[in-house]
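Participant: Below: one structure in structure tokens.
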Amino acid sequence: MANFLKEREGQIVTKSKNSKDLIGGRPSIAGSVSQRACVFCGSRVVLYPIADALHLVHGPIGCASYTWDIRGAMSSGPELHRSSFSTDLREKHVIFGGEKQLYNALNELIDKHQPKAAFVYSTCIVGVIGDDVQSVCNRVAKEKNIPVIPVQSEGFQGSKKDGYKIACDALATLIGTDNSKEVSPFSINILGDFNLAGELWILTEYYKRMGIQILASITGDGRVKDIQNTHRAALNVVQCSGSMIHLAKQMKEQYGIPFIKVSYFGIEDMSDALYEVAKFFGDEAVQEKARDLVKEELTNLLPALEPYRRALQGKKAAIYVGGAFKAISLVKALRLIGMRTVIAGTQTGNDEDYKLLKAICDDGCILVDDSNPVELSEFVQQTGADLFIGGVKERPIAYKMGIGFCDHNHERKLALAGYEGMLNFAKEVHDTVTSPVWRFVKRK
Amino acid sequence: MGTNTTNRITGGVAAGKSYSSSCNACKQCAPLGACVAFKGIEGVLPMLHGSQGCATYIRRYLISHFREPVDIASSNFSEETTIFGGNKNFNAGIDNIISQYHPKVIAIASTCLSETIGEDVQRLINEYKSIHSDEKNLPEMIYASTPSYAGTHYEGFHQAVFATVKALAGAQGEPGRHINLFANFISPEDIRHLKEISSDFGLDTVIFPDYSDTLDGTSWEKYRRIPDGGTKPEDIRRTGLALMSLELGYILNSGGKNRVSAGEFLEEHFDVINRRIGLPVGINETDRFFNLLSDISKNPIPEKYRKQRGRLVDLYIDGHKYVANKQAVIYGEEDMVVALAAFAAEIGLIPVLCASGGESGKLKNTLKSVLGDLYYEDMVVGQGFSFEQMEEIMQSLHPDLMIGNSKGYYIARKMNIPLVRTGFPIHDRLGAQHSRCLGYEGSLILFEEIVNTLLEDKQRQSSVGYKYM
């Protein structure tokens with residue numbers, strides 16, 4: 001492994017009978033060109049889809065600019081989340097402090113947009129210049145009579161994953177503050193779906209067919225009031241567990257709400273999710289409906305997948321995504337369309353996640369934590385992958401290596417969840433892998 | 001053509017309402033611009049001294065525009081670094097970059113975090129060099145101070161150009177016959193066109209920054225950690241020996257923290273005459289550029305370009321009625337706004353709103369002087385503008401056309417106004433790296449795009465599907 005960083009040795013493993021476990025959760029190394037972002041990014045992406053809240057980034061302009069309308073998170077109503085608000089701190093604020101600017105900005109924006117709550121994200125320099133964001137938020141909350149929640153997401157205080165936790169803490173301050181929604185005995189909260197490309201609406205439809213109420217979605221197509229009511233649901237159904245497990249655990253402790261971890265990607269995981277939820281309620285009618293739903297969906301889906309599977313049989317895939325649970329689902333979904341995973345990596349997996357990921361991968365698969373372009377390009381070269389699944393930062397690696405690419409990051413504009421999403425996924429993978437343009441590419 | 005007088009400017013300062021916050025900024029932060037300029041150095045790997053997120057966000061933003069790999073390292077500040085200083089991370093960062101990339105140059109830009117805690121990056125570089133003084137082939141290290149709270153990505157870009165020239169330019173050797181061309185923040189395709197023009201004049205030109213290959217590469221047979229291309233460090237060294245420097249753009253970083261441009265630096269320290277002219281968009285500004293190159297090279301304007309100019313005039317005539325007196329909103333970096341406004345004015349469009357996130361304080365006067373008698377007196381000039389401020393003014397202006405980057409699309413969509421995408425960033429179309437507006441040829445392409453966009457709009461709105469327009 002020429003030119004890989006020595007300190008990262010434990011974070012790269014090729015699966016074999018005797019291979020060691022992959023180490024996760026380490027901070028990124030300076031100069032490694034990690035694909036990870038920062039704490040702020042973690043908090044921002046988790047809270048972003050709450051559509052009737054004001055999201056104010058307290059800091060110089062960059063952090064707000066780079067996260068403007070960044071997620072394909074759709075809303076069925078208000079779209080305040082799609083604007084980018086920043087206190088746009090300047091040199092004078094760095095010297096004299098930015099509290100006054102923050103106070104004025106909050107007042108002005110709350111008056112103008114009448115949000116149901118406001119989130120104030122601290123960026124790197126806010127702590128350093130000594131702004132007391134909490135007390136400004138408290139003051140404005142009192143004056144404007146809406147929740148104004150500080151999100152202490154200074155970029156340097158850890159990694160993106162720490163930002164998830166901070167976002168969960170911010171959400172926790174909202175939960176339990178309203179009791180006005182009607183709650184059915186079969187009620188769940190969906191945690192960790194962000195309604196990218198309308199994926200939540202696909203899931204909502206499934207649950208509706210099973211007679212299950214979604215009390216709140218955290219945070220896809222999110223509304224402040226729904227989140228305030230989440231403490232009254234019977235069950236928390238957690239996807240993308242990296243970002244939301246902290247909140248699920250907290251709600252279990254505080255409100256006694258049990259949770260299950262699910263994934264909505266691929267046939268197996270999608271069906272398991274519905275079965276698990278039905279099983280939890282123990283109601284025969286609900287379980288019957290779940291079985292009918294899965295049967296009906298599969299009757300349509302399986303034949304539709306067949307031509308893709310034939311065309312893709314034996315092709316090799318590289319996966320480098322944010323969380324390990326997505327990676328695990330993808331390995332299974334790829335298998336369903338005849339493809340073998342030869343590289344599986346994530347930005348934020350932990351040791352436990354990686355044990356599960358390793359267990360499901362074939363021998364010879366390269367497992368990697370917190371990788372970078374140098375490594376990923378080398379792995380693609382070594383394994384001869386035909387497809388790369390990742391985000392925008394991985395796309396040029398795939399294309400420069402002359403292989404197909406599927407965007408499975410939070411910017412995607414194509415729904416990949418649910419049965420419908422599985423078909424979209426198969427088509428997307430097929431379209432890119434079998435494109436005739438690769439005939440013009442010479443690969444060494 | 002009534003403009004809403006309540007929004008009119010007084011004293012050349014911001015039009016519209018002023019806010020304590022920004023909504024939908026028409027700018028990015030300084031380190032982003034620095035990274036683009038640094039990518040124009042051959043064999044470079046940029047590093048940001050700050051949090052991991054800065055590098056990652058900027059990479060994502062640039063990859064979405066250029067659709068090329070953009071590797072940018074980070075010194076990866078942690079809480080400990082923020083309290084005790086960044087030298088350990090800085091050194092580790094440099095070590096790891098060298099071991100993974102073997103770069104010729106490591107170009108470092110600061111961030112808001114490292115600037116706020118008072119990091120002295122130049123000292124860190126010197127210390128690193130002295131620790132490794134026995135090592136041969138140590139990369140060159142360049143440092144640009146780009147706190148994100150001062151200036152925009154545009155100032156960051158020019159600060160990096162300045163810092164690179166300052167770090168590398170030398171006076172050793174015989175004065176050369178070459179010229180320096182500081183080409184500004186333009187597309188890779190426009191850089192290639194400038195190179196072609198300069199070579200057709202028989203000029204030996206050091207063009208910097210040249211990211212025409214590094215940010216617009218070919219398909220590769222084998223992955224390259226550092227893409228080929230860029231201005232050679234030895235060429236940047238000889239900028240100090242040039243006959244003269246030519247800077248494209250009137251404003252550059254004059255509104256930033258450091259107000260000295262690369263050309264001004266060379267003039268002051270190496271007696272290299274500095275000439276500043278506008279970005280050559282449209283006939284008037286391109287004529288100035290070509291006449292200047294003709295003077296410098298003592299060669300006549302090549303026939304090829306005379307013909308290009310002739311075809312452009314011919315095209316203007318063919319298309320003038322489609323654009324006549326249409327009201328245009330122009331936005332982006334200040335010098336690009338000036339160039340596009342000059343172009344708009346000379347083809348008969350009316351630039352009713354010219355806006356930039358930049359706030360050099362020079363936008364209005366520069367527009368006045370460049371547009372001359374074509375300056376539109378009721379023009380709203382927005383400096384330090386956000387898209388929200390633009391939209392508010394547009395609601396009263398009801399313009400016919402928007403010209404600028406793709407971040408204005410949401411307004412175009414909301415108000416049902418056609419948008420011609422140019423500049424940076426273009427995140428919702430293919431081909432940003434090939435977008436052209438410079439020279440007669442670039443102007444021709446842009447003119448056709450504007451006319452065809454208006455025609456398409458007219459066709460779409462028409463109840464009759466005319467096949468002749």
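In the structure tokens, chains take letters A, B, ... by order of appearance, with residues numbered from 1 within each chain and ligands from 1 in the order shown.
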Got a sec: who's within 7 Å of stretch 132-136 of chain A, counting only C-alpha atoms, leaving out chain neighbours fewer than 3 positions off, as a PyMOL selection string?

Facilitator: chain A and resi 99+103+139-140+150

Participant: Using 6 Å as the limit and counting only C-alpha atoms, can you tabulate each residue of chain A that touches chain B, with its shortest atom-to-atom distance in Å and the two atoms involved, as a Markdown table?

Facilitator:
```
| residue | atom | partner | partner_atom | distance |
| --- | --- | --- | --- | --- |
| A:Asn3 | CA | B:Gln100 | CA | 5.2 |
| A:Ala30 | CA | B:Gly93 | CA | 4.4 |
| A:Gly31 | CA | B:Gly93 | CA | 3.8 |
| A:Val33 | CA | B:Ala73 | CA | 4.6 |
| A:Ala37 | CA | B:Gly53 | CA | 4.1 |
| A:Cys38 | CA | B:Gly53 | CA | 4.3 |
| A:Pro60 | CA | B:Tyr149 | CA | 5.0 |
| A:Gly62 | CA | B:Cys29 | CA | 4.6 |
| A:Ser65 | CA | B:Gln28 | CA | 5.9 |
| A:Ser84 | CA | B:Asn24 | CA | 4.9 |
| A:Phe85 | CA | B:Cys23 | CA | 4.6 |
| A:Ser86 | CA | B:Ser22 | CA | 5.2 |
| A:Thr87 | CA | B:Ser21 | CA | 4.5 |
| A:Leu89 | CA | B:Tyr149 | CA | 5.9 |
| A:Arg90 | CA | B:Tyr149 | CA | 4.5 |
| A:Glu91 | CA | B:Tyr149 | CA | 5.6 |
| A:Ala105 | CA | B:Ser20 | CA | 5.0 |
| A:Cys124 | CA | B:Leu113 | CA | 6.0 |
| A:Ile125 | CA | B:Leu113 | CA | 5.4 |
| A:Phe156 | CA | B:Ser78 | CA | 4.8 |
| A:Gln157 | CA | B:Glu79 | CA | 5.3 |
| A:Lys393 | CA | B:Arg60 | CA | 5.7 |
| A:Pro396 | CA | B:Pro69 | CA | 5.1 |
| A:Lys400 | CA | B:Trp220 | CA | 5.7 |
| A:Lys442 | CA | B:Glu221 | CA | 5.3 |
| A:Arg443 | CA | B:Glu221 | CA | 4.9 |
| A:Lys444 | CA | B:Glu221 | CA | 5.6 |
```

Participant: Please list as a list of chain:residue names every residue within 8 Å of A:Val429, counting only C-alpha atoms and excluding residues in the same chain fewer than 2 positions away.

Facilitator: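 Everything that qualifies: A:Leu387, A:Gly404, A:Phe405, A:Cys406, A:Phe425, A:Ala426, A:Lys427, A:Asp431, A:Thr432, A:Val433.
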
Participant: What separation in Å, quoted to one decimal, exists between atom CA of A:Ile328 and atom CA of A:Gly418?

Facilitator: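 Computing it gives 15.4 Å between the two atoms.
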
Participant: Can you tell me which residues surround B:Ser356 at a distance of at most 8 Å, considering only C-alpha atoms, apart from same-chain residues fewer than 5 positions away, and format the answer as a PDB file with C-alpha atoms, in the first residue's frame?

Facilitator:
```pdb
ATOM      1  CA  CYS B  26     -23.967  36.302  -3.048  1.00  0.00           C
ATOM      2  CA  LYS B  27     -20.458  35.406  -1.926  1.00  0.00           C
ATOM      3  CA  TYR B 331     -24.559  39.813 -10.397  1.00  0.00           C
ATOM      4  CA  GLY B 332     -21.404  38.039  -9.285  1.00  0.00           C
ATOM      5  CA  GLU B 333     -17.856  39.079  -8.406  1.00  0.00           C
ATOM      6  CA  GLU B 334     -17.337  42.811  -8.799  1.00  0.00           C
ATOM      7  CA  VAL B 337     -20.189  42.442 -12.920  1.00  0.00           C
ATOM      8  CA  GLY B 382     -25.725  46.831  -5.002  1.00  0.00           C
ATOM      9  CA  GLN B 383     -22.510  46.262  -3.178  1.00  0.00           C
ATOM     10  CA  GLY B 384     -22.294  43.840  -0.301  1.00  0.00           C
ATOM     11  CA  PHE B 385     -25.581  42.469  -1.609  1.00  0.00           C
ATOM     12  CA  SER B 386     -27.285  39.205  -0.825  1.00  0.00           C
TER      13      SER B 386
END
```

Participant: Going by DSSP on the backbone, which residues of stretch 88-301 of chain B come out as alpha helix (DSSP H)? List them as a compact mmCIF listing (two decimals) with N, CA and C atoms, in the first residue's frame.

Facilitator:
```txt
# COMPACT_ATOMS: atom_id res chain seq x y z
N LYS B 88 1.60 21.74 16.07
CA LYS B 88 1.70 20.28 15.97
C LYS B 88 0.89 19.77 14.77
N ASN B 89 -0.32 20.27 14.67
CA ASN B 89 -1.17 19.87 13.55
C ASN B 89 -0.63 20.35 12.22
N PHE B 90 -0.07 21.54 12.25
CA PHE B 90 0.50 22.10 11.02
C PHE B 90 1.62 21.19 10.52
N ASN B 91 2.53 20.84 11.41
CA ASN B 91 3.66 20.00 11.01
C ASN B 91 3.21 18.62 10.55
N ALA B 92 2.26 18.05 11.30
CA ALA B 92 1.74 16.73 10.90
C ALA B 92 1.07 16.82 9.55
N GLY B 93 0.33 17.90 9.34
CA GLY B 93 -0.36 18.10 8.06
C GLY B 93 0.63 18.15 6.91
N ILE B 94 1.68 18.93 7.08
CA ILE B 94 2.68 19.05 6.01
C ILE B 94 3.36 17.69 5.77
N ASP B 95 3.74 17.01 6.86
CA ASP B 95 4.37 15.68 6.72
C ASP B 95 3.48 14.74 5.92
N ASN B 96 2.20 14.72 6.29
CA ASN B 96 1.29 13.77 5.65
C ASN B 96 0.99 14.13 4.20
N ILE B 97 0.96 15.41 3.92
CA ILE B 97 0.78 15.83 2.52
C ILE B 97 1.98 15.36 1.70
N ILE B 98 3.17 15.59 2.22
CA ILE B 98 4.38 15.21 1.48
C ILE B 98 4.38 13.70 1.26
N SER B 99 4.04 12.95 2.30
CA SER B 99 4.13 11.50 2.15
C SER B 99 3.07 10.95 1.19
N GLN B 100 1.90 11.58 1.13
CA GLN B 100 0.86 11.07 0.22
C GLN B 100 0.95 11.65 -1.18
N TYR B 101 1.38 12.90 -1.30
CA TYR B 101 1.25 13.60 -2.59
C TYR B 101 2.58 13.98 -3.26
N CYS B 112 -10.95 31.49 9.38
CA CYS B 112 -11.36 32.39 10.47
C CYS B 112 -10.83 31.89 11.81
N LEU B 113 -10.81 30.57 11.98
CA LEU B 113 -10.40 30.03 13.27
C LEU B 113 -8.91 30.31 13.55
N SER B 114 -8.05 29.95 12.61
CA SER B 114 -6.62 30.13 12.87
C SER B 114 -6.26 31.61 12.98
N GLU B 115 -6.97 32.45 12.22
CA GLU B 115 -6.70 33.90 12.32
C GLU B 115 -7.16 34.45 13.67
N THR B 116 -8.31 33.96 14.13
CA THR B 116 -8.86 34.50 15.37
C THR B 116 -7.99 34.13 16.58
N VAL B 121 1.23 31.84 10.67
CA VAL B 121 1.51 30.73 9.75
C VAL B 121 2.89 30.85 9.13
N GLN B 122 3.30 32.07 8.84
CA GLN B 122 4.63 32.23 8.25
C GLN B 122 5.71 31.70 9.20
N ARG B 123 5.50 31.94 10.48
CA ARG B 123 6.45 31.42 11.47
C ARG B 123 6.42 29.89 11.49
N LEU B 124 5.22 29.33 11.39
CA LEU B 124 5.10 27.87 11.36
C LEU B 124 5.86 27.30 10.15
N ILE B 125 5.74 27.97 9.04
CA ILE B 125 6.45 27.53 7.83
C ILE B 125 7.97 27.60 8.08
N ASN B 126 8.41 28.72 8.60
CA ASN B 126 9.85 28.88 8.84
C ASN B 126 10.38 27.82 9.81
N GLU B 127 9.59 27.56 10.85
CA GLU B 127 10.02 26.53 11.80
C GLU B 127 10.08 25.16 11.14
N TYR B 128 9.08 24.88 10.35
CA TYR B 128 9.07 23.58 9.67
C TYR B 128 10.30 23.45 8.79
N LYS B 129 10.58 24.53 8.06
CA LYS B 129 11.74 24.49 7.16
C LYS B 129 13.04 24.32 7.93
N SER B 130 13.12 24.98 9.08
CA SER B 130 14.39 24.88 9.81
C SER B 130 14.56 23.50 10.44
N ILE B 131 13.46 22.90 10.88
CA ILE B 131 13.56 21.53 11.41
C ILE B 131 14.01 20.56 10.31
N HIS B 153 -14.79 35.44 -1.25
CA HIS B 153 -13.94 34.50 -1.99
C HIS B 153 -13.12 35.24 -3.04
N TYR B 154 -13.65 36.34 -3.54
CA TYR B 154 -12.96 37.09 -4.59
C TYR B 154 -11.67 37.72 -4.06
N GLU B 155 -11.76 38.32 -2.88
CA GLU B 155 -10.54 38.86 -2.26
C GLU B 155 -9.58 37.72 -1.91
N GLY B 156 -10.14 36.59 -1.48
CA GLY B 156 -9.30 35.43 -1.15
C GLY B 156 -8.51 34.97 -2.36
N PHE B 157 -9.17 34.96 -3.50
CA PHE B 157 -8.50 34.57 -4.75
C PHE B 157 -7.30 35.48 -5.01
N HIS B 158 -7.55 36.79 -4.96
CA HIS B 158 -6.46 37.73 -5.29
C HIS B 158 -5.40 37.78 -4.20
N GLN B 159 -5.82 37.52 -2.98
CA GLN B 159 -4.84 37.46 -1.90
C GLN B 159 -3.88 36.29 -2.15
N ALA B 160 -4.42 35.17 -2.64
CA ALA B 160 -3.57 34.01 -2.93
C ALA B 160 -2.65 34.29 -4.12
N VAL B 161 -3.16 35.00 -5.12
CA VAL B 161 -2.32 35.36 -6.27
C VAL B 161 -1.15 36.23 -5.78
N PHE B 162 -1.50 37.22 -4.99
CA PHE B 162 -0.49 38.11 -4.40
C PHE B 162 0.52 37.32 -3.56
N ALA B 163 0.01 36.46 -2.69
CA ALA B 163 0.89 35.73 -1.77
C ALA B 163 1.85 34.82 -2.54
N THR B 164 1.35 34.22 -3.60
CA THR B 164 2.19 33.31 -4.39
C THR B 164 3.32 34.07 -5.07
N VAL B 165 2.95 35.19 -5.67
CA VAL B 165 3.95 36.00 -6.36
C VAL B 165 4.96 36.55 -5.34
N LYS B 166 4.46 36.98 -4.22
CA LYS B 166 5.33 37.53 -3.19
C LYS B 166 6.32 36.46 -2.71
N ALA B 167 5.82 35.23 -2.57
CA ALA B 167 6.69 34.17 -2.05
C ALA B 167 7.72 33.72 -3.07
N LEU B 168 7.37 33.75 -4.35
CA LEU B 168 8.24 33.12 -5.34
C LEU B 168 9.01 34.08 -6.22
N PRO B 188 -11.77 27.80 -16.84
CA PRO B 188 -10.62 27.16 -17.48
C PRO B 188 -10.59 27.40 -19.00
N GLU B 189 -11.75 27.37 -19.62
CA GLU B 189 -11.79 27.57 -21.08
C GLU B 189 -11.37 29.00 -21.43
N ASP B 190 -11.78 29.97 -20.64
CA ASP B 190 -11.35 31.35 -20.88
C ASP B 190 -9.84 31.50 -20.68
N ILE B 191 -9.29 30.78 -19.71
CA ILE B 191 -7.82 30.83 -19.53
C ILE B 191 -7.14 30.32 -20.79
N ARG B 192 -7.64 29.20 -21.31
CA ARG B 192 -7.03 28.65 -22.53
C ARG B 192 -7.10 29.65 -23.67
N HIS B 193 -8.21 30.36 -23.75
CA HIS B 193 -8.36 31.34 -24.83
C HIS B 193 -7.34 32.47 -24.67
N LEU B 194 -7.14 32.92 -23.44
CA LEU B 194 -6.15 33.98 -23.21
C LEU B 194 -4.75 33.50 -23.61
N LYS B 195 -4.47 32.23 -23.33
CA LYS B 195 -3.16 31.69 -23.70
C LYS B 195 -2.99 31.66 -25.22
N GLU B 196 -4.08 31.29 -25.88
CA GLU B 196 -4.05 31.24 -27.34
C GLU B 196 -3.81 32.64 -27.92
N ILE B 197 -4.53 33.60 -27.37
CA ILE B 197 -4.38 34.98 -27.86
C ILE B 197 -2.94 35.45 -27.67
N SER B 198 -2.43 35.25 -26.47
CA SER B 198 -1.08 35.75 -26.18
C SER B 198 -0.05 35.08 -27.08
N SER B 199 -0.25 33.79 -27.32
CA SER B 199 0.71 33.10 -28.18
C SER B 199 0.57 33.56 -29.63
N ASP B 200 -0.64 33.88 -30.06
CA ASP B 200 -0.82 34.38 -31.43
C ASP B 200 -0.19 35.76 -31.64
N PRO B 233 6.27 26.84 -11.06
CA PRO B 233 6.89 27.70 -10.05
C PRO B 233 8.04 28.53 -10.62
N GLU B 234 8.82 27.94 -11.55
CA GLU B 234 9.93 28.72 -12.11
C GLU B 234 9.43 29.89 -12.95
N ASP B 235 8.26 29.74 -13.54
CA ASP B 235 7.67 30.86 -14.27
C ASP B 235 7.19 31.95 -13.31
N ILE B 236 6.63 31.52 -12.18
CA ILE B 236 6.20 32.52 -11.21
C ILE B 236 7.43 33.26 -10.66
N ARG B 237 8.53 32.53 -10.52
CA ARG B 237 9.77 33.17 -10.08
C ARG B 237 10.18 34.30 -11.02
N ALA B 262 -0.98 41.45 -6.91
CA ALA B 262 0.29 40.88 -7.36
C ALA B 262 1.05 41.85 -8.26
N GLY B 263 0.31 42.46 -9.19
CA GLY B 263 0.93 43.40 -10.12
C GLY B 263 1.51 44.61 -9.39
N GLU B 264 0.78 45.11 -8.42
CA GLU B 264 1.27 46.27 -7.65
C GLU B 264 2.50 45.89 -6.83
N PHE B 265 2.48 44.70 -6.32
CA PHE B 265 3.64 44.23 -5.54
C PHE B 265 4.89 44.19 -6.43
N LEU B 266 4.73 43.63 -7.64
CA LEU B 266 5.89 43.51 -8.54
C LEU B 266 6.36 44.89 -8.98
N GLU B 267 5.44 45.80 -9.15
CA GLU B 267 5.82 47.15 -9.55
C GLU B 267 6.62 47.82 -8.45
N GLU B 268 6.17 47.64 -7.23
CA GLU B 268 6.84 48.31 -6.13
C GLU B 268 8.20 47.69 -5.82
N HIS B 269 8.26 46.36 -5.84
CA HIS B 269 9.49 45.71 -5.40
C HIS B 269 10.44 45.34 -6.52
N PHE B 270 9.94 45.19 -7.72
CA PHE B 270 10.80 44.73 -8.82
C PHE B 270 10.75 45.66 -10.03
N GLY B 282 -17.09 41.62 -24.42
CA GLY B 282 -17.69 42.59 -25.33
C GLY B 282 -16.63 43.25 -26.20
N ILE B 283 -17.09 44.04 -27.17
CA ILE B 283 -16.15 44.61 -28.14
C ILE B 283 -15.29 45.71 -27.53
N ASN B 284 -15.92 46.62 -26.79
CA ASN B 284 -15.14 47.75 -26.26
C ASN B 284 -13.98 47.30 -25.39
N GLU B 285 -14.27 46.44 -24.43
CA GLU B 285 -13.22 46.00 -23.51
C GLU B 285 -12.23 45.07 -24.20
N THR B 286 -12.71 44.27 -25.15
CA THR B 286 -11.78 43.37 -25.85
C THR B 286 -10.88 44.16 -26.79
N ASP B 287 -11.42 45.21 -27.40
CA ASP B 287 -10.56 46.08 -28.23
C ASP B 287 -9.41 46.64 -27.41
N ARG B 288 -9.72 47.11 -26.22
CA ARG B 288 -8.67 47.66 -25.36
C ARG B 288 -7.59 46.62 -25.10
N PHE B 289 -8.04 45.41 -24.82
CA PHE B 289 -7.11 44.32 -24.52
C PHE B 289 -6.24 44.01 -25.73
N PHE B 290 -6.86 43.87 -26.89
CA PHE B 290 -6.09 43.53 -28.10
C PHE B 290 -5.16 44.67 -28.50
N ASN B 291 -5.63 45.90 -28.38
CA ASN B 291 -4.74 47.02 -28.72
C ASN B 291 -3.53 47.06 -27.80
N LEU B 292 -3.77 46.75 -26.55
CA LEU B 292 -2.66 46.75 -25.60
C LEU B 292 -1.67 45.63 -25.94
N LEU B 293 -2.18 44.46 -26.26
CA LEU B 293 -1.28 43.36 -26.62
C LEU B 293 -0.52 43.70 -27.89
N SER B 294 -1.18 44.38 -28.80
CA SER B 294 -0.52 44.79 -30.04
C SER B 294 0.61 45.78 -29.75
N ASP B 295 0.34 46.72 -28.86
CA ASP B 295 1.37 47.69 -28.45
C ASP B 295 2.56 46.98 -27.80
N ILE B 296 2.24 46.08 -26.89
CA ILE B 296 3.30 45.42 -26.13
C ILE B 296 4.14 44.54 -27.05
N SER B 297 3.46 43.78 -27.89
CA SER B 297 4.19 42.82 -28.74
C SER B 297 4.77 43.49 -29.98
```

Participant: Just checking: using only C-alpha atoms, which residue out of A:Arg36, A:Lys289, A:Arg223, A:Arg232 ends up closest to A:Pro78?

Facilitator: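 Looking at the shortest contact to A:Pro78, the residue is A:Arg223.
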
Participant: Using DSSP on the backbone, list every residue of stretch 165-342 of chain B that comes out as strand (DSSP E or B), and give them as a count of residues only.

Facilitator: 24

Participant: Counting only C-alpha atoms, what is within 9 Å of A:Tyr206, bar same-chain residues fewer than 6 positions away, as a count of residues only?

Facilitator: 5

Participant: What does the structure give for the distance between atom CA of B:Ser360 and atom CA of B:Gly372, in Å to one decimal?

Facilitator: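 Pair atom CA of B:Ser360 / atom CA of B:Gly372 returns 20.2 Å.
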
Participant: Which is closer to B:Ile393 than all the others in B:Arg421, B:Glu303, B:Ala355, B:Ala37, using only C-alpha atoms?

Facilitator: B:Ala355

Participant: Return the single residue from B:Lys304, B:His427, B:His320, B:Lys298 that is closest to A:Ile70, with distances computed using only C-alpha atoms.

Facilitator: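 Answer, going by the shortest atom-to-atom distance: B:His427.
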
Participant: If we count only C-alpha atoms and set the cut-off at 9 Å, which residues sit around A:Leu109, ignoring sequence neighbours fewer than 3 positions away in its own chain? Please answer as a PyMOL selection string.

Facilitator: (chain A and resi 54+56+85+104-106+112-115) or (chain B and resi 21)

Participant: Measuring between only C-alpha atoms, which one of B:Leu363, B:Val380, B:Val105, B:Val370 shows the shortest distance to B:Gly230?

Facilitator: B:Val105

Participant: Any idea what the distance is between atom CA of A:Val392 and atom CA of A:Val120?

Facilitator: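 Between atom CA of A:Val392 and atom CA of A:Val120 the gap is 26.8 Å.
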